[in-house]
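Peer 1: Attaching a single structure in structure tokens format; questions to follow.
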Amino acid sequence: MPYERYFKLSNITNFVQICISIFFMAKIVWLNIPVYILIFSSCSSSIRQHKPSEIPRLKFLSEYVVPYNLQFANTTIGGLSGIDYNPQKKEYYLISDDRSEKNPARFYSASILINNNKIDTVVFLKNTFLKDQTGNFYPNSLHDPSHTPDPEALRYNPKNNTFIWSSEGERIVNSKKIILENPAVTEIKPDGDYIDTFRLPPQLIMHETENGPRQNGVFEGLTFSPDYKSLFVNVEEPLDQDGPPAGTGDSTGTVRIIKFDIATKKPVAQFAYVVDPVAHPAITPSSFKINGISDILSFDRNKLLVIERSYSTGRLLCTIKVFIADISSGENINHVPSLKNKQVKNVSKKLLLNMDDLGIYIDNIEGVTFGPTLSNGKKSLIFIADNNFNPLEQTQFLLFEIE
């Protein structure tokens with residue numbers, strides 16, 4: 001994700017603000033007050049069906065933090081950027097955004113033990129390395145920067161027992177070097193072996209000129225449609241040709257959500273989605289700040305849960321908002337090369353949850369999945385935070401009950 005490259009203790013002021021944030025976290029982390037948020041009434045087979053007059057609610061239950069730099073199977077746990085659940089095996093799949101720097105690019109299988117409707121522990125069961133078309137592990141940026149992956153999202157397909165994962169690629173253009181690596185959506189076997197890559201729409205090709213994806217702001221989240229015939233993949237930040245990224249105040253950004261056909265692996269539609277402004281000002285006006293989509297989750301034929309993650313330099317906490325987006329409300333922009341100075345019908349969205357309202361420390365939430373049925377018979381939702389392998393950040397799991 002973008003801010004991992006900008007998070008630096010560059011001055012005393014920034015350090016003091018981080019210390020204040022840590023103190024604040026310590027003061028509030030003991031709270032265990034249930035928080036209820038209204039959630040949209042449309043449901044799928046993944047959620048208990050409700051009558052039209054009922055309004056489901058999302059109840060915060062608990063959090064769990066994995067120890068920093070936990071070692072498993074000769075790898076370092078961290079950078080967990082995506083999560084998915086396999087109810088048949090009661091397993092979770094967690095992809096790391098390690099760009100083969102600490103260990104080869106990989107995902108983990110894990111068990112999340114829930115007792116009394118709270119996360120008791122997270123047990124890592126297996127590590128699976130991702131492999132390229134040649135059958136080899138992916139290289140790091142020192143050995144082969146043009147083929148180094150940037151894993152961000154992972155979903156399991158129970159229809160054919162395969163996985164699909166996304167990479168943001170790379171775009172470095174300066175006087176010293178030029179590295180252009182396209183983002184990718186790749187299908188793999190359970191053992192990590194490569195199967196095939198989805199075809200990119202022309203708007204998503206990397207260029208030396210300011211036309212195409214921004215560096216580290218591309219394929220951050222993905223999700224299957226309920227029938228597993230389609231795949232939705234979101235761009236985190238606006239493409240260069242679609243306008244500027246979100247800023248503070250009333251400054252928004254328009255990102256693309258791409259719909260792929262699973263059978264042909266071709267893009268069949270794109271939709272414009274407007275993200276909120278950055279939630280808080282950065283430590284200085286010129287400091288790094290961002291708001292973009294960190295993950296999406298399908299729960300109905302045309303409905304997506306959309307996670308917007310806002311970060312500003314000088315704050316340790318992130319502002320995480322969860323929206324419900326109606327894809328059917330937006331027009332297909334698959335053949336629209338640029339959104340600048342062009343009027344299109346955007347996807348509608350409705351705010352479900354602002355995690356600032358929970359009264360707890362919230363880190364860099366990058367993944368979400370439906371979890372198991374709880375002991376009271378209600379469904380669950382689990383979020384995961386990417387710690388960027390940074391000791392000041394957390395690999396944080398958040399458990400919610402869907403009422």
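Just remember, in the structure tokens the first chain shown is A, the second B, etc., residues are 1-based per chain, and ligands are 1-based in the order shown.
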Skipping near chain neighbours, those fewer than 4 positions away, what residues fall within 10 Å of Thr284 in chain A using only C-alpha atoms, listed as number ranges by chain?
Peer 2: A: 14, 288-289, 312-314
Peer 1: Given the selection you just returned, output its residues as a file containing C-alpha atoms, formatted as a PDB file, in the first residue's frame.
Peer 2:
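Output contents, as saved in again-v5.pdb:
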```pdb
ATOM      1  CA  ASN A  14       6.330  13.783  13.605  1.00  0.00           C
ATOM      2  CA  PHE A 288       2.133  12.567   2.214  1.00  0.00           C
ATOM      3  CA  LYS A 289      -1.570  11.817   2.594  1.00  0.00           C
ATOM      4  CA  SER A 312      -2.004  11.332   6.780  1.00  0.00           C
ATOM      5  CA  THR A 313       1.645  11.808   7.760  1.00  0.00           C
ATOM      6  CA  GLY A 314       1.901  12.649  11.459  1.00  0.00           C
TER       7      GLY A 314
END
```
Peer 1: Quick one: distance from CA of Ala325 in chain A to CA of Met206 in chain A in Å, one decimal?
Peer 2: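 Calculated distance between CA of Ala325 in chain A and CA of Met206 in chain A is 27.5 Å.
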Peer 1: Would you mind writing down, as a PyMOL selection string, each residue of range 177-325 of chain A that DSSP on the backbone assigns to strand (DSSP E)?
Peer 2: chain A and resi 178-181+184-188+194-197+219-224+230-235+253-261+266-275+289-298+303-312+319-325
Peer 1: Find the residues around Ala263 in chain A up to 10 Å (only C-alpha atoms counted), leave out those fewer than 6 positions away in its own chain, and share them as number ranges by chain.
Peer 2: A: 228-230
Peer 1: So that I can see what lies close to Ser251 in chain A, please list as a list in words the residues with an atom at most 10 Å from it, counting only C-alpha atoms and leaving out residues fewer than 3 positions away in the same chain.
Peer 2: Pro244, Pro245, Ala246, Gly247, Thr248, Val275, Asp276, Pro277 and Val278 of chain A
Peer 1: Export N, CA and C atoms of the chosen residues as a PDB file, in the first residue's frame?
Peer 2:
```
ATOM      1  N   PRO A 244      -6.716  13.927 -10.338  1.00  0.00           N
ATOM      2  CA  PRO A 244      -5.830  13.891  -9.173  1.00  0.00           C
ATOM      3  C   PRO A 244      -6.357  12.984  -8.075  1.00  0.00           C
ATOM      4  N   PRO A 245      -5.482  12.537  -7.173  1.00  0.00           N
ATOM      5  CA  PRO A 245      -5.927  11.753  -6.023  1.00  0.00           C
ATOM      6  C   PRO A 245      -6.694  12.620  -5.037  1.00  0.00           C
ATOM      7  N   ALA A 246      -7.341  11.994  -4.095  1.00  0.00           N
ATOM      8  CA  ALA A 246      -8.101  12.718  -3.085  1.00  0.00           C
ATOM      9  C   ALA A 246      -7.175  13.576  -2.231  1.00  0.00           C
ATOM     10  N   GLY A 247      -7.679  14.719  -1.821  1.00  0.00           N
ATOM     11  CA  GLY A 247      -6.981  15.597  -0.893  1.00  0.00           C
ATOM     12  C   GLY A 247      -7.872  15.881   0.295  1.00  0.00           C
ATOM     13  N   THR A 248      -7.525  16.888   1.084  1.00  0.00           N
ATOM     14  CA  THR A 248      -8.341  17.231   2.248  1.00  0.00           C
ATOM     15  C   THR A 248      -9.479  18.158   1.832  1.00  0.00           C
ATOM     16  N   VAL A 275     -14.101   8.377  -4.164  1.00  0.00           N
ATOM     17  CA  VAL A 275     -13.698   8.208  -2.766  1.00  0.00           C
ATOM     18  C   VAL A 275     -13.858   9.531  -2.022  1.00  0.00           C
ATOM     19  N   ASP A 276     -14.007   9.438  -0.713  1.00  0.00           N
ATOM     20  CA  ASP A 276     -14.113  10.620   0.135  1.00  0.00           C
ATOM     21  C   ASP A 276     -12.788  11.395   0.160  1.00  0.00           C
ATOM     22  N   PRO A 277     -12.814  12.635   0.623  1.00  0.00           N
ATOM     23  CA  PRO A 277     -11.559  13.366   0.840  1.00  0.00           C
ATOM     24  C   PRO A 277     -10.716  12.685   1.922  1.00  0.00           C
ATOM     25  N   VAL A 278      -9.436  13.020   1.972  1.00  0.00           N
ATOM     26  CA  VAL A 278      -8.564  12.563   3.056  1.00  0.00           C
ATOM     27  C   VAL A 278      -9.152  13.050   4.378  1.00  0.00           C
TER      28      VAL A 278
END
```
Peer 1: Find the residue from A:Ala279, A:Leu113, A:Val233, A:Leu239 that sits nearest to Pro202 in chain A; use only C-alpha atoms when measuring.
Peer 2: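 Looking only at the distances to Pro202 in chain A, the closest residue turns out to be A:Leu239.
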